[in-house]
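The structure file target_27.cif is reproduced below (mmCIF, C-alpha atoms and all ligand atoms).
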```cif
data_work
#
loop_
_atom_site.label_atom_id
_atom_site.label_comp_id
_atom_site.auth_asym_id
_atom_site.auth_seq_id
_atom_site.Cartn_x
_atom_site.Cartn_y
_atom_site.Cartn_z
CA MET A 1 -50.94 -4.38 37.11
CA GLU A 2 -52.60 -4.35 33.69
CA ARG A 3 -50.43 -4.85 30.62
CA LEU A 4 -50.07 -2.20 27.91
CA LEU A 5 -48.82 -2.98 24.43
CA SER A 6 -48.20 -0.72 21.46
CA GLY A 7 -45.80 -0.11 18.60
CA ILE A 8 -44.83 2.09 15.70
CA LYS A 9 -43.71 1.08 12.20
CA PRO A 10 -40.26 2.27 11.12
CA THR A 11 -41.48 3.58 7.75
CA GLY A 12 -40.47 7.16 7.04
CA GLU A 13 -39.39 9.44 9.83
CA LEU A 14 -41.49 9.94 12.96
CA THR A 15 -43.82 12.95 12.97
CA LEU A 16 -45.31 15.18 15.60
CA GLY A 17 -48.53 13.23 14.95
CA ASN A 18 -46.85 9.99 16.07
CA TYR A 19 -45.60 11.75 19.19
CA ILE A 20 -48.93 13.31 20.15
CA GLY A 21 -51.14 10.37 19.15
CA SER A 22 -49.06 7.57 20.57
CA ILE A 23 -45.67 8.20 22.27
CA ARG A 24 -47.13 10.87 24.57
CA GLN A 25 -49.69 8.33 25.78
CA PHE A 26 -47.00 5.68 26.37
CA ILE A 27 -45.14 8.17 28.57
CA GLU A 28 -48.25 9.19 30.50
CA MET A 29 -49.23 5.58 31.10
CA GLN A 30 -45.83 3.97 31.72
CA LYS A 31 -45.95 4.21 35.52
CA ASN A 32 -49.40 2.67 35.81
CA TYR A 33 -49.04 -0.28 33.46
CA GLU A 34 -46.63 -3.06 32.67
CA SER A 35 -45.65 -1.56 29.31
CA PHE A 36 -44.49 -3.47 26.25
CA ILE A 37 -43.47 -1.09 23.47
CA PHE A 38 -42.06 -2.49 20.27
CA VAL A 39 -40.73 -1.52 16.86
CA ALA A 40 -43.19 -2.94 14.32
CA ASP A 41 -40.47 -3.64 11.76
CA LEU A 42 -42.31 -6.54 10.12
CA HIS A 43 -45.12 -4.11 9.40
CA ALA A 44 -42.71 -1.78 7.60
CA ILE A 45 -42.10 -4.30 4.82
CA THR A 46 -45.68 -4.21 3.50
CA VAL A 47 -44.14 -1.65 1.15
CA HIS A 48 -40.65 -1.75 -0.35
CA ASN A 49 -37.83 -0.37 1.80
CA ASP A 50 -34.16 -0.03 1.07
CA PRO A 51 -32.60 -2.60 3.48
CA GLU A 52 -29.88 -0.23 4.72
CA ILE A 53 -32.36 2.55 5.36
CA LEU A 54 -34.77 0.20 7.14
CA LYS A 55 -32.00 -1.02 9.46
CA GLU A 56 -31.08 2.55 10.31
CA ARG A 57 -34.71 3.54 10.93
CA ILE A 58 -35.24 0.64 13.32
CA LYS A 59 -32.35 1.82 15.48
CA LYS A 60 -33.45 5.45 15.21
CA LEU A 61 -36.94 4.55 16.38
CA VAL A 62 -35.64 2.89 19.54
CA ALA A 63 -33.39 5.88 20.27
CA LEU A 64 -36.39 8.16 19.71
CA TYR A 65 -38.60 6.18 22.08
CA LEU A 66 -35.96 6.72 24.75
CA ALA A 67 -35.28 10.36 23.81
CA CYS A 68 -39.00 11.16 24.01
CA GLY A 69 -39.10 9.89 27.57
CA LEU A 70 -39.81 6.15 27.62
CA ASP A 71 -38.05 4.97 30.72
CA PRO A 72 -36.24 1.67 30.08
CA LYS A 73 -36.93 0.67 33.68
CA GLU A 74 -40.67 1.08 33.23
CA ASN A 75 -40.92 -0.30 29.67
CA THR A 76 -40.01 -3.48 27.90
CA ILE A 77 -38.82 -2.31 24.48
CA PHE A 78 -38.18 -4.87 21.73
CA LEU A 79 -38.05 -5.54 17.99
CA GLN A 80 -40.95 -7.45 16.51
CA SER A 81 -38.70 -9.25 14.02
CA GLU A 82 -36.64 -10.72 16.87
CA ASN A 83 -39.69 -12.55 18.17
CA LEU A 84 -40.76 -15.02 15.50
CA TYR A 85 -43.71 -16.15 17.61
CA HIS A 86 -45.67 -13.11 16.39
CA THR A 87 -45.67 -14.52 12.86
CA ALA A 88 -46.20 -18.07 14.12
CA LEU A 89 -49.42 -16.96 15.79
CA SER A 90 -50.41 -14.68 12.93
CA TRP A 91 -50.84 -17.63 10.56
CA VAL A 92 -53.23 -19.32 12.96
CA LEU A 93 -55.17 -16.08 13.33
CA GLU A 94 -55.34 -15.64 9.55
CA CYS A 95 -57.00 -19.04 9.41
CA ASN A 96 -59.55 -17.67 11.88
CA SER A 97 -60.20 -14.35 10.09
CA TYR A 98 -62.46 -13.54 7.19
CA ILE A 99 -61.85 -11.78 3.89
CA GLY A 100 -65.05 -9.82 4.57
CA GLU A 101 -63.66 -8.29 7.75
CA LEU A 102 -60.29 -7.44 6.19
CA ASN A 103 -62.13 -5.84 3.27
CA ARG A 104 -63.71 -3.47 5.77
CA MET A 105 -60.39 -2.10 7.09
CA THR A 106 -60.49 1.57 6.08
CA GLN A 107 -56.71 1.96 6.11
CA PHE A 108 -56.36 -0.81 3.53
CA LYS A 109 -59.11 0.75 1.45
CA ASP A 110 -57.33 4.13 1.56
CA LYS A 111 -53.90 2.73 0.79
CA SER A 112 -55.05 0.55 -2.09
CA GLN A 113 -57.48 3.04 -3.59
CA GLY A 114 -56.88 3.70 -7.25
CA LYS A 115 -54.26 0.93 -7.46
CA ASN A 116 -54.46 -2.17 -9.56
CA ASN A 117 -54.88 -5.48 -7.64
CA GLU A 118 -51.84 -6.81 -9.49
CA SER A 119 -49.65 -4.28 -7.67
CA ILE A 120 -51.10 -4.30 -4.14
CA GLY A 121 -49.03 -6.49 -1.82
CA CYS A 122 -50.87 -9.20 0.13
CA GLY A 123 -49.06 -8.02 3.27
CA LEU A 124 -50.84 -4.70 3.11
CA TYR A 125 -54.11 -6.63 3.18
CA THR A 126 -53.34 -9.13 5.95
CA TYR A 127 -51.28 -6.83 8.18
CA PRO A 128 -54.15 -6.14 10.60
CA VAL A 129 -54.05 -9.84 11.46
CA LEU A 130 -50.34 -9.62 12.28
CA MET A 131 -51.19 -6.60 14.40
CA ALA A 132 -53.84 -8.67 16.22
CA SER A 133 -51.15 -11.26 16.86
CA ASP A 134 -48.76 -8.58 18.23
CA ILE A 135 -51.42 -7.63 20.75
CA ILE A 136 -53.11 -10.83 21.88
CA ILE A 137 -49.93 -12.93 22.03
CA TYR A 138 -49.11 -10.99 25.25
CA ASP A 139 -52.67 -10.87 26.63
CA ALA A 140 -52.44 -7.07 26.49
CA ASP A 141 -55.18 -5.27 28.42
CA VAL A 142 -54.80 -1.88 26.77
CA VAL A 143 -53.48 -0.67 23.42
CA PRO A 144 -52.87 3.10 23.19
CA THR A 145 -52.92 4.40 19.60
CA GLY A 146 -54.17 7.26 17.48
CA ILE A 147 -57.68 7.01 16.03
CA ASP A 148 -56.48 5.50 12.72
CA GLN A 149 -55.51 2.25 14.48
CA LYS A 150 -58.70 1.84 16.50
CA GLN A 151 -60.40 -0.30 13.88
CA HIS A 152 -57.40 -2.65 13.88
CA VAL A 153 -57.54 -3.05 17.67
CA GLU A 154 -61.24 -3.80 17.34
CA LEU A 155 -60.40 -6.48 14.78
CA ALA A 156 -57.94 -7.96 17.30
CA ARG A 157 -60.78 -8.10 19.84
CA ASN A 158 -63.04 -9.88 17.36
CA ILE A 159 -60.39 -12.42 16.39
CA ALA A 160 -59.56 -13.12 20.04
CA GLU A 161 -63.22 -13.56 20.95
CA ARG A 162 -63.77 -15.88 17.99
CA PHE A 163 -60.78 -18.02 18.91
CA ASN A 164 -61.86 -18.22 22.57
CA HIS A 165 -65.32 -19.25 21.47
CA LYS A 166 -64.03 -22.02 19.20
CA TYR A 167 -61.19 -23.41 21.32
CA GLY A 168 -61.87 -22.26 24.89
CA GLU A 169 -60.58 -19.30 26.90
CA THR A 170 -57.12 -18.48 25.47
CA PHE A 171 -56.71 -14.74 24.87
CA LYS A 172 -57.52 -11.61 26.83
CA ILE A 173 -59.72 -9.14 24.98
CA PRO A 174 -57.68 -5.91 24.52
CA LYS A 175 -59.13 -2.41 24.85
CA PRO A 176 -58.10 0.43 22.51
CA VAL A 177 -57.05 3.62 24.31
CA ILE A 178 -57.43 6.70 22.11
CA PRO A 179 -56.38 10.13 23.44
CA LYS A 180 -59.26 12.55 24.05
CA VAL A 181 -57.26 15.36 22.46
CA GLY A 182 -54.73 14.64 19.68
CA GLU A 183 -56.21 11.39 18.34
CA LYS A 184 -55.53 12.64 14.80
CA ILE A 185 -53.11 15.50 14.22
CA LYS A 186 -53.79 16.98 10.81
CA ASP A 187 -51.57 17.99 7.92
CA LEU A 188 -50.53 21.65 8.30
CA GLN A 189 -51.23 22.44 4.65
CA ASN A 190 -54.36 20.32 4.32
CA PRO A 191 -55.94 20.27 7.78
CA THR A 192 -58.71 17.83 6.95
CA LYS A 193 -56.12 15.08 6.30
CA LYS A 194 -53.98 13.16 8.83
CA MET A 195 -50.40 14.39 9.33
CA SER A 196 -48.43 11.53 7.84
CA LYS A 197 -44.77 10.68 7.39
CA THR A 198 -45.52 9.43 3.88
CA GLU A 199 -47.20 12.64 2.71
CA GLU A 200 -45.60 14.20 -0.38
CA ASN A 201 -45.60 17.86 0.68
CA PRO A 202 -43.06 18.22 3.55
CA LYS A 203 -44.65 21.55 4.60
CA GLY A 204 -47.61 19.55 5.89
CA TYR A 205 -45.74 17.53 8.51
CA ILE A 206 -43.24 18.10 11.29
CA LEU A 207 -40.59 15.47 11.87
CA LEU A 208 -39.29 14.85 15.37
CA LEU A 209 -35.73 14.94 14.07
CA GLU A 210 -35.94 17.92 11.77
CA GLU A 211 -34.20 21.23 12.30
CA PRO A 212 -36.41 23.02 14.89
CA GLU A 213 -36.25 26.31 12.98
CA ILE A 214 -37.62 24.56 9.88
CA ALA A 215 -40.47 23.25 12.02
CA ARG A 216 -41.08 26.82 13.19
CA LYS A 217 -41.44 27.99 9.57
CA LYS A 218 -43.88 25.18 8.84
CA ILE A 219 -46.10 26.21 11.77
CA MET A 220 -45.93 29.87 10.76
CA SER A 221 -47.08 28.97 7.24
CA ALA A 222 -49.78 26.51 8.33
CA VAL A 223 -53.08 26.98 6.51
CA THR A 224 -55.71 28.81 8.63
CA ASP A 225 -58.81 30.88 7.83
CA SER A 226 -59.62 34.55 7.44
CA GLU A 227 -61.65 35.04 10.63
CA ALA A 228 -58.66 35.94 12.84
CA ILE A 229 -60.26 34.51 16.02
CA VAL A 230 -58.52 31.73 17.95
CA LYS A 231 -61.49 29.46 18.56
CA TYR A 232 -61.90 25.67 18.45
CA ASP A 233 -64.21 24.73 15.58
CA GLU A 234 -63.11 21.63 13.71
CA ILE A 235 -65.63 22.03 10.91
CA ASN A 236 -65.23 25.71 10.04
CA LYS A 237 -61.71 26.33 11.35
CA PRO A 238 -59.81 23.04 10.85
CA GLY A 239 -56.37 24.72 10.60
CA ILE A 240 -56.68 26.76 13.80
CA SER A 241 -58.31 23.81 15.59
CA ASN A 242 -55.37 21.62 14.61
CA LEU A 243 -52.83 24.16 15.92
CA MET A 244 -54.90 24.49 19.12
CA THR A 245 -54.81 20.70 19.51
CA ILE A 246 -51.03 20.67 19.13
CA TYR A 247 -50.68 23.51 21.63
CA SER A 248 -53.15 21.93 24.06
CA THR A 249 -51.40 18.55 24.12
CA LEU A 250 -47.94 20.08 24.56
CA THR A 251 -48.92 22.54 27.30
CA ASN A 252 -51.79 20.65 28.99
CA LYS A 253 -54.03 23.70 28.55
CA SER A 254 -57.71 23.20 27.69
CA PHE A 255 -59.25 24.74 24.57
CA ALA A 256 -61.16 27.22 26.76
CA GLU A 257 -57.90 28.32 28.40
CA ILE A 258 -56.24 28.72 25.00
CA GLU A 259 -59.15 30.73 23.62
CA LYS A 260 -58.86 33.03 26.64
CA GLU A 261 -55.07 33.29 26.39
CA PHE A 262 -55.25 34.42 22.74
CA SER A 263 -58.46 36.43 22.84
CA GLY A 264 -57.91 39.59 20.80
CA CYS A 265 -54.57 38.30 19.41
CA ASN A 266 -53.94 37.83 15.73
CA TYR A 267 -52.99 34.47 14.19
CA GLY A 268 -49.32 35.52 13.92
CA THR A 269 -49.04 35.86 17.71
CA PHE A 270 -50.82 32.54 18.26
CA LYS A 271 -48.71 30.69 15.68
CA THR A 272 -45.52 32.10 17.20
CA ARG A 273 -46.47 30.60 20.61
CA VAL A 274 -47.38 27.24 19.05
CA ALA A 275 -44.06 27.30 17.20
CA ASP A 276 -42.20 28.10 20.45
CA VAL A 277 -43.57 25.03 22.25
CA VAL A 278 -42.94 22.77 19.25
CA VAL A 279 -39.36 24.09 18.91
CA GLU A 280 -38.80 23.47 22.63
CA LEU A 281 -40.12 19.91 22.36
CA LEU A 282 -37.98 19.09 19.30
CA THR A 283 -34.87 20.66 20.83
CA ASN A 284 -35.25 18.58 24.02
CA ILE A 285 -35.91 15.36 22.13
CA GLN A 286 -33.00 15.93 19.75
CA THR A 287 -30.52 16.72 22.53
CA LYS A 288 -31.32 13.39 24.21
CA TYR A 289 -31.49 11.55 20.90
CA ASN A 290 -27.95 12.67 19.99
CA GLU A 291 -26.65 11.32 23.30
CA ILE A 292 -28.40 7.97 22.85
CA ILE A 293 -28.01 7.12 19.17
CA ASN A 294 -24.29 6.37 19.37
CA SER A 295 -24.28 4.78 22.83
CA ASN A 296 -24.77 1.15 23.80
CA LEU A 297 -28.12 1.93 25.36
CA VAL A 298 -30.16 0.94 22.30
CA ASP A 299 -28.66 -2.56 22.22
CA GLU A 300 -28.88 -2.99 25.98
CA VAL A 301 -32.54 -2.05 26.01
CA LEU A 302 -33.37 -4.33 23.07
CA ASN A 303 -31.49 -7.27 24.57
CA ASN A 304 -33.36 -6.94 27.85
CA GLY A 305 -36.63 -6.49 26.01
CA ILE A 306 -36.43 -9.55 23.82
CA ASN A 307 -35.30 -11.73 26.71
CA LYS A 308 -38.37 -10.72 28.65
CA VAL A 309 -40.99 -11.13 25.90
CA LEU A 310 -39.80 -14.30 24.15
CA PRO A 311 -40.86 -16.77 26.89
CA ILE A 312 -44.28 -15.12 27.22
CA ALA A 313 -44.92 -15.35 23.47
CA GLU A 314 -43.55 -18.89 23.25
CA ALA A 315 -45.87 -20.12 26.00
CA LYS A 316 -48.90 -18.56 24.29
CA VAL A 317 -48.08 -20.04 20.88
CA LYS A 318 -47.54 -23.49 22.41
CA GLU A 319 -50.89 -23.25 24.18
CA VAL A 320 -52.60 -22.21 20.92
CA TYR A 321 -50.95 -24.92 18.82
CA LYS A 322 -51.93 -27.55 21.37
CA LYS A 323 -55.53 -26.35 21.52
CA ILE A 324 -55.97 -26.52 17.76
CA GLY A 325 -54.40 -29.97 17.53
CA LEU A 326 -51.06 -29.17 15.86
CA GLY A 327 -47.90 -31.18 16.49
CA ARG A 328 -47.35 -34.70 17.78
P1 LIG A 401 -48.06 3.76 12.60
O1 LIG A 401 -46.60 3.44 12.59
O2 LIG A 401 -48.70 4.18 11.33
O3 LIG A 401 -48.34 4.90 13.65
C1 LIG A 401 -47.84 4.80 14.97
C2 LIG A 401 -48.79 5.44 15.95
O4 LIG A 401 -48.92 6.84 15.69
C3 LIG A 401 -50.28 7.19 15.58
N1 LIG A 401 -50.40 8.28 14.60
C4 LIG A 401 -51.03 9.42 14.83
N2 LIG A 401 -51.71 9.87 15.91
C5 LIG A 401 -52.24 11.12 15.83
N3 LIG A 401 -52.13 11.92 14.74
C6 LIG A 401 -51.46 11.50 13.64
N4 LIG A 401 -51.35 12.28 12.57
C7 LIG A 401 -50.87 10.20 13.66
N5 LIG A 401 -50.14 9.49 12.77
C8 LIG A 401 -49.87 8.31 13.36
C9 LIG A 401 -50.97 5.92 15.09
O5 LIG A 401 -52.35 5.92 15.38
C10 LIG A 401 -50.22 4.87 15.88
O6 LIG A 401 -50.73 4.76 17.20
N6 LIG A 401 -50.16 -0.77 12.64
C11 LIG A 401 -49.54 0.23 13.45
C12 LIG A 401 -48.32 -0.30 14.22
C13 LIG A 401 -48.61 -1.52 15.01
C14 LIG A 401 -49.25 -1.59 16.27
C15 LIG A 401 -49.30 -2.97 16.61
C16 LIG A 401 -49.79 -0.63 17.12
C17 LIG A 401 -48.29 -2.78 14.63
N7 LIG A 401 -48.72 -3.67 15.60
C18 LIG A 401 -49.89 -3.40 17.79
C19 LIG A 401 -50.37 -1.06 18.32
C20 LIG A 401 -50.40 -2.44 18.64
C21 LIG A 401 -49.11 1.39 12.57
O7 LIG A 401 -48.96 1.22 11.40
O8 LIG A 401 -48.86 2.55 13.24
#
```
Output the file's structure in the form of structure tokens.
Ligand code: TYM
Amino acid sequence: MERLLSGIKPTGELTLGNYIGSIRQFIEMQKNYESFIFVADLHAITVHNDPEILKERIKKLVALYLACGLDPKENTIFLQSENLYHTALSWVLECNSYIGELNRMTQFKDKSQGKNNESIGCGLYTYPVLMASDIIIYDADVVPTGIDQKQHVELARNIAERFNHKYGETFKIPKPVIPKVGEKIKDLQNPTKKMSKTEENPKGYILLLEEPEIARKKIMSAVTDSEAIVKYDEINKPGISNLMTIYSTLTNKSFAEIEKEFSGCNYGTFKTRVADVVVELLTNIQTKYNEIINSNLVDEVLNNGINKVLPIAEAKVKEVYKKIGLGR
């Protein structure tokens, strides 16, 4: 069975974009892969976090993974910060990466744009290397993510290939898996931008743990166009296309089926249906989440997870250190 690895950072609250772009894929793939899903908490500290809030978000993220449908029997779920081998490998990989390739990371360019170098943390710059370590330390075959992380998975491939070339076959070369529909859910108020948990205008995003009726209002007031035809056209109708993408991923209907279903309907009718399926999703997730968050399940799952992954990571780091000549 091939191995799957992916993770989410506990910065901000999880959005519908995180669900559609990543968690939904984990759930679809969990039966067919040996799945390692982690909380990328070390990645959260590239920006400042209140320690109490970070701790709470880490726990919430695990409960959300489970509430969304990750089966603890099919998945190994763990905290990145409990496995120090990720950072032990990351340093070695940094010494085998180039400033030129990190300079090309579009996410870094976006996040640092307009800021002074004196105030951009080094972690924000080198974090794709830690992400490479997260992946190749387990010889992951596939890495499901939204489109914004594809370039980072490609960097992991390049670093792994380079290391293998220099020191002999050591790492598997991972493949990014990007969903065909829902690779980038857009902001509801600005549908050319990614829906993001760090966006300033809360009307643009839907949080998995927000009041479902507030989510309904956000969908009803999503920016559209004046044509009043439900048709997929990303360039000329980005708002409607985004709502169609959300509806398609949550109902498994194709764009052609959706266009047929709403032919002759106005946008109000269409938005009401999209809102209904989103409200149903959030209500189901939140019911399960409320059962899980105060139970022992989160700790049980994390204990099992870390026990399973530690020996795998340890063996890989020992192999790497030996190959490069470290130690006695
Ligand atoms: P993060 O926490 O920013 O996002 C988690 C996942 O959600 C996807 N995503 C989206 N997909 C569709 N539409 C959106 N609007 C949207 N917003 C977010 C992201 O593509 C991602 O799959 N660096 C990673 C975490 C990470 C990781 C890893 C992932 C660390 N190490 C190793 C995979 C493998 C990150 O910051 O994701």
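Counting from atom CA of Lys109 of chain A, the distance to atom P1 of ligand LIG 401 (chain A) is 16.0 Å.
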How would you report the residues lying within 9 Å of ligand LIG 401 (chain A), as a PDB file with C-alpha atoms, keeping the file's coordinate frame, if you count only C-alpha atoms and all ligand atoms?
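Written out: selection-v6.pdb:
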```pdb
ATOM      1  CA  LEU A   5     -48.820  -2.980  24.430  1.00  0.00           C
ATOM      2  CA  SER A   6     -48.200  -0.720  21.460  1.00  0.00           C
ATOM      3  CA  GLY A   7     -45.800  -0.110  18.600  1.00  0.00           C
ATOM      4  CA  ILE A   8     -44.830   2.090  15.700  1.00  0.00           C
ATOM      5  CA  LYS A   9     -43.710   1.080  12.200  1.00  0.00           C
ATOM      6  CA  PRO A  10     -40.260   2.270  11.120  1.00  0.00           C
ATOM      7  CA  THR A  11     -41.480   3.580   7.750  1.00  0.00           C
ATOM      8  CA  LEU A  14     -41.490   9.940  12.960  1.00  0.00           C
ATOM      9  CA  THR A  15     -43.820  12.950  12.970  1.00  0.00           C
ATOM     10  CA  LEU A  16     -45.310  15.180  15.600  1.00  0.00           C
ATOM     11  CA  GLY A  17     -48.530  13.230  14.950  1.00  0.00           C
ATOM     12  CA  ASN A  18     -46.850   9.990  16.070  1.00  0.00           C
ATOM     13  CA  TYR A  19     -45.600  11.750  19.190  1.00  0.00           C
ATOM     14  CA  ILE A  20     -48.930  13.310  20.150  1.00  0.00           C
ATOM     15  CA  GLY A  21     -51.140  10.370  19.150  1.00  0.00           C
ATOM     16  CA  SER A  22     -49.060   7.570  20.570  1.00  0.00           C
ATOM     17  CA  ILE A  23     -45.670   8.200  22.270  1.00  0.00           C
ATOM     18  CA  ILE A  37     -43.470  -1.090  23.470  1.00  0.00           C
ATOM     19  CA  PHE A  38     -42.060  -2.490  20.270  1.00  0.00           C
ATOM     20  CA  VAL A  39     -40.730  -1.520  16.860  1.00  0.00           C
ATOM     21  CA  ALA A  40     -43.190  -2.940  14.320  1.00  0.00           C
ATOM     22  CA  ASP A  41     -40.470  -3.640  11.760  1.00  0.00           C
ATOM     23  CA  LEU A  42     -42.310  -6.540  10.120  1.00  0.00           C
ATOM     24  CA  HIS A  43     -45.120  -4.110   9.400  1.00  0.00           C
ATOM     25  CA  ALA A  44     -42.710  -1.780   7.600  1.00  0.00           C
ATOM     26  CA  GLN A  80     -40.950  -7.450  16.510  1.00  0.00           C
ATOM     27  CA  TYR A 127     -51.280  -6.830   8.180  1.00  0.00           C
ATOM     28  CA  PRO A 128     -54.150  -6.140  10.600  1.00  0.00           C
ATOM     29  CA  LEU A 130     -50.340  -9.620  12.280  1.00  0.00           C
ATOM     30  CA  MET A 131     -51.190  -6.600  14.400  1.00  0.00           C
ATOM     31  CA  ALA A 132     -53.840  -8.670  16.220  1.00  0.00           C
ATOM     32  CA  SER A 133     -51.150 -11.260  16.860  1.00  0.00           C
ATOM     33  CA  ASP A 134     -48.760  -8.580  18.230  1.00  0.00           C
ATOM     34  CA  ILE A 135     -51.420  -7.630  20.750  1.00  0.00           C
ATOM     35  CA  VAL A 143     -53.480  -0.670  23.420  1.00  0.00           C
ATOM     36  CA  PRO A 144     -52.870   3.100  23.190  1.00  0.00           C
ATOM     37  CA  THR A 145     -52.920   4.400  19.600  1.00  0.00           C
ATOM     38  CA  GLY A 146     -54.170   7.260  17.480  1.00  0.00           C
ATOM     39  CA  ILE A 147     -57.680   7.010  16.030  1.00  0.00           C
ATOM     40  CA  ASP A 148     -56.480   5.500  12.720  1.00  0.00           C
ATOM     41  CA  GLN A 149     -55.510   2.250  14.480  1.00  0.00           C
ATOM     42  CA  LYS A 150     -58.700   1.840  16.500  1.00  0.00           C
ATOM     43  CA  HIS A 152     -57.400  -2.650  13.880  1.00  0.00           C
ATOM     44  CA  VAL A 153     -57.540  -3.050  17.670  1.00  0.00           C
ATOM     45  CA  PRO A 176     -58.100   0.430  22.510  1.00  0.00           C
ATOM     46  CA  ILE A 178     -57.430   6.700  22.110  1.00  0.00           C
ATOM     47  CA  PRO A 179     -56.380  10.130  23.440  1.00  0.00           C
ATOM     48  CA  GLY A 182     -54.730  14.640  19.680  1.00  0.00           C
ATOM     49  CA  GLU A 183     -56.210  11.390  18.340  1.00  0.00           C
ATOM     50  CA  LYS A 184     -55.530  12.640  14.800  1.00  0.00           C
ATOM     51  CA  ILE A 185     -53.110  15.500  14.220  1.00  0.00           C
ATOM     52  CA  LYS A 186     -53.790  16.980  10.810  1.00  0.00           C
ATOM     53  CA  ASP A 187     -51.570  17.990   7.920  1.00  0.00           C
ATOM     54  CA  LYS A 193     -56.120  15.080   6.300  1.00  0.00           C
ATOM     55  CA  LYS A 194     -53.980  13.160   8.830  1.00  0.00           C
ATOM     56  CA  MET A 195     -50.400  14.390   9.330  1.00  0.00           C
ATOM     57  CA  SER A 196     -48.430  11.530   7.840  1.00  0.00           C
ATOM     58  CA  LYS A 197     -44.770  10.680   7.390  1.00  0.00           C
ATOM     59  CA  TYR A 205     -45.740  17.530   8.510  1.00  0.00           C
TER      60      TYR A 205
END
```
* **Point-to-point distance from atom CA of Ser35 of chain A to atom CA of Glu74 of chain A, Å rounded to tenths** => 6.9 Å
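Nearest-residue note for Val277 of chain A: choosing from A:Ser248, A:Lys180, A:Glu261, A:Gly305, the minimum distance belongs to A:Ser248, counting all atoms listed in the file.
When all atoms listed in the file are used to measure the gap to Ala313 of chain A, the shortest distance among A:Tyr247, A:Tyr267, A:Tyr125, A:Tyr85 belongs to A:Tyr85.
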* Would you list the contacts of Val92 of chain A as an MDAnalysis selection string, taking every protein, DNA or RNA residue within 12 Å and counting only C-alpha atoms, but skipping same-chain residues closer than 2 positions in sequence? => chainID A and resid 85:90 94:97 129:130 132:133 137 159:160 163 317:318 320:326
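Among the candidate residues A:Gly121, A:Gly268, A:Gly114, A:Pro174, the one lying nearest to Asn158 of chain A is A:Pro174, with distances computed using all atoms listed in the file.
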* Mind pulling up the distance from atom CA of Asp141 of chain A to atom CA of Leu302 of chain A? -> 22.5 Å
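Distances here use all atoms listed in the file; by that measure, the residue among A:Thr192, A:Ala140, A:Glu82, A:Glu300 closest to Asn236 of chain A is A:Thr192.
Using all atoms listed in the file, the nearest neighbour of Lys308 of chain A within the list A:Phe26, A:Phe255, A:Tyr138, A:Tyr98 is A:Tyr138.
Excluding Lys271 of chain A itself and any same-chain residue fewer than 5 positions from it, the protein and nucleic acid residues within 9 Å of it, counting only C-alpha atoms, are Arg216, Ile219, Met220, Ser221, Ala222, Leu243, Asn266 and Asp276 of chain A.
The shortest atom-to-atom distance to Thr126 of chain A, with only C-alpha atoms taken into account, belongs to A:Thr46 out of A:Thr46, A:Ser254, A:Glu56, A:Pro202.
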